[in-house]
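All remarks here apply to the structure that follows.
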Amino acid sequence: MPTYLHGALSAYLPPLRLVSRAAQEYAGACPFCGGDERHSDRFHVWLLPAGRERYWCRRCNRKGLASELTNERQTHRPSQPAEPRRPRADGPNPKPEHIAHYRTLYAIVTAWAEENLHQPWNPEPLAYLRQRGFDPATIRWAWLGYALRDPQPLVTYLERHAPRLLPYAEEAGVLARDDNGALRAHWNLCGRIVIPYRNSDQVVDLRTRRFPGAGYTSLPGSYAWRGATTPLCWETTAASEVVLITEGEFKALAATAAYRAGTLPYPTIGHPGLNYFRHEWATQLVQRGVRVAILAYDSRATRPRDPAGYEQLAPEELWTIRHGLTLAQAGLQVLVLTLPLAPGADKEDLDGFLLRHGPAALRSLIQTTPVPLRAYAAHLPLELVIAAGIDLRPRR
């Protein structure tokens, strides 16, 4: 498995995988037209030559200098989409001054999706959530919903309930236009479980999960541009000095549901994509009174190898150290929870462990097995840590 893009540019993009060391080329999901963050390779970024970094999406044909992605330069008008039968992806970019409108739209879409989830003629999405271990109370608390596969009902709903917000719907990423210029639901909001990100009862962003199937998708555009400034379940951290941190929405929701039920001692927050962790979250946790952060990413039986056949750190190992150092630099005590693998299993994650073993088993692990970040790093092969470019020297 390749390494991932990191640095300032990564804060504006979904996770991108290294596909060419010579050209410093990274690929992944497109921040404009979407895609599966784990498998997509439609969006490419080249970091060489330095000072002329550029990007291109081979589906929606967005391209330009990478500095445009950070709003450092004016973005050029994109060319015509490469696939004319797909909905067009050249809608307007999000604007910070319109974030309040986006959040109102996200709340309305959340209400629409909730209605769809509980319709008797549409039982499969709700049954899927129950199968994943979410009880009715958790589904209601998390405001989970379902976006219909038909791309037109959402347009009709917004026209009826929020006509004045339609001019902002493309910027917000909830609507797109087809080849005839007609509005339709963005394809990442068609046939998906809808997971709202909330902060102080405002819906600040929407993420979706394929159903059936696996993989999360985001609305187009940078999280920061849309005003998504908090991790999932952020509101649960207000009364705890210890917080678990994981990647992936279902993992965070499953662990938070157990915390709200009183069967886990600490709340859990989740961030979208393993490498997407905003540095200011560490400071904000300290400001909330959090003292200890427990990183709880997936456990894996084997490590990936690069194209030359050399073993690498698993992405979960790599980002545990990197995010852990960010948290430690803000003044938090950082611990690492490693979930035990079942015999013959390739991986283990929080929601799967909870579903199979129950909250009592996870509570026991949380209370007895986490190790300090540097002890965790010391047990990793030193040559792999060095090859990953990780500097473990204490920082001021």
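Labels for the structure tokens follow display order: chains A, B, ..., residues from 1 in each chain, ligands from 1.
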
Write down as a PyMOL selection string the residues belonging to stretch 176-283 of chain A that are assigned helix (DSSP H, G or I) by DSSP computed on the backbone. chain A and resi 187-189+223-226+234-239+249-260+279-283

Show me, as a ChimeraX atom specification, the residues that have an atom within 7 Å of A:Arg42 when counting only C-alpha atoms, minus same-chain residues fewer than 3 positions from it. /A:27-30,57-59

Give me the residues within 12 Å of A:Pro49 as a list in words, counting only C-alpha atoms and dropping any in the same chain fewer than 6 places off. Ala22, Ala23, Gln24, Glu25, Leu65 and Ala66 of chain A

Find the residues around A:His323 up to 9 Å (only C-alpha atoms counted), leave out those fewer than 2 positions away in its own chain, and share them as a list in words. Asn275, Phe277, His279, Leu295, Leu318, Trp319, Thr320, Ile321, Leu325, Thr326, Leu327 and Ala328 of chain A

Could the residues in this selection be written to a file with C-alpha atoms, as a compact mmCIF listing (two decimals), in the first residue's frame?
```txt
# COMPACT_ATOMS: atom_id res chain seq x y z
CA ASN A 275 -4.88 11.16 7.23
CA PHE A 277 -6.84 15.44 11.17
CA HIS A 279 -4.13 20.49 13.88
CA LEU A 295 -5.84 6.76 19.49
CA LEU A 318 1.90 5.82 10.31
CA TRP A 319 -1.00 8.11 11.19
CA THR A 320 -1.13 6.96 14.79
CA ILE A 321 2.37 8.38 15.21
CA LEU A 325 2.72 13.81 17.83
CA THR A 326 0.28 16.58 16.90
CA LEU A 327 -1.82 15.86 19.98
CA ALA A 328 1.22 15.62 22.24
```

Please produce, as JSON lines, a per-residue contact table for stretch 338-359 of chain A versus stretch 112-135 of chain A (criterion: any atom at most 9 Å away, only C-alpha atoms considered), showing the nearest atom pair and its distance in Å to one decimal, sorted by chain then residue number.
```
{"residue": "A:Asp351", "atom": "CA", "partner": "A:Arg132", "partner_atom": "CA", "distance": 8.2}
{"residue": "A:Gly352", "atom": "CA", "partner": "A:Arg132", "partner_atom": "CA", "distance": 8.5}
{"residue": "A:Leu354", "atom": "CA", "partner": "A:Gly133", "partner_atom": "CA", "distance": 8.5}
{"residue": "A:Leu355", "atom": "CA", "partner": "A:Gly133", "partner_atom": "CA", "distance": 6.2}
```

Dump of C-alpha atoms for the selected residues, as a PDB file, in the first residue's frame:
```pdb
ATOM      1  CA  ASP A 351     -17.344  -1.094  15.550  1.00  0.00           C
ATOM      2  CA  GLY A 352     -16.588  -4.676  14.520  1.00  0.00           C
ATOM      3  CA  LEU A 354     -18.065  -3.925  19.701  1.00  0.00           C
ATOM      4  CA  LEU A 355     -20.509  -5.882  17.560  1.00  0.00           C
TER       5      LEU A 355
END
```

Spatial neighbours of A:Glu247, max dist 9 Å, only C-alpha atoms, sep filter under 4 positions, as an NGL selection string: :A and (251-252 or 269-276 or 296-298)

DSSP strand (DSSP E) selection over stretch 35-244 of chain A, as a ChimeraX atom specification: /A:43-46,54-57,63-65,145-147,175-177,183-185,192-199,202-210,216-218,242-244

Of A:Val292, A:Ile99, A:Leu13, A:Leu264, the one sitting nearest A:Ser364 when using only C-alpha atoms is A:Leu264

Counting only C-alpha atoms, which of A:Thr283, A:Thr104, A:Thr246, A:Thr368 gets nearest to A:Asp201?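 Checking each candidate against A:Asp201, we get A:Thr104 as the closest.
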
Within 10 Å of A:Val242, counting only C-alpha atoms, which residues show up once you throw out same-chain ones fewer than 6 positions away? Write them as JSON, numbers by chain, please. {"A": [265, 266, 267, 268, 285, 289, 290, 291, 292, 293, 294, 332, 333, 334]}

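Take atom CA of A:Asp179 and atom CA of A:Pro94: the distance between them is 21.2 Å.
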
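The spacing separating atom CA of A:Leu165 from atom CA of A:Asn93 amounts to 15.5 Å.
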
Taking into account only C-alpha atoms, which residue in the set A:Leu154, A:Leu232, A:Ala137, A:Leu48 is nearest to A:Arg198? A:Leu232
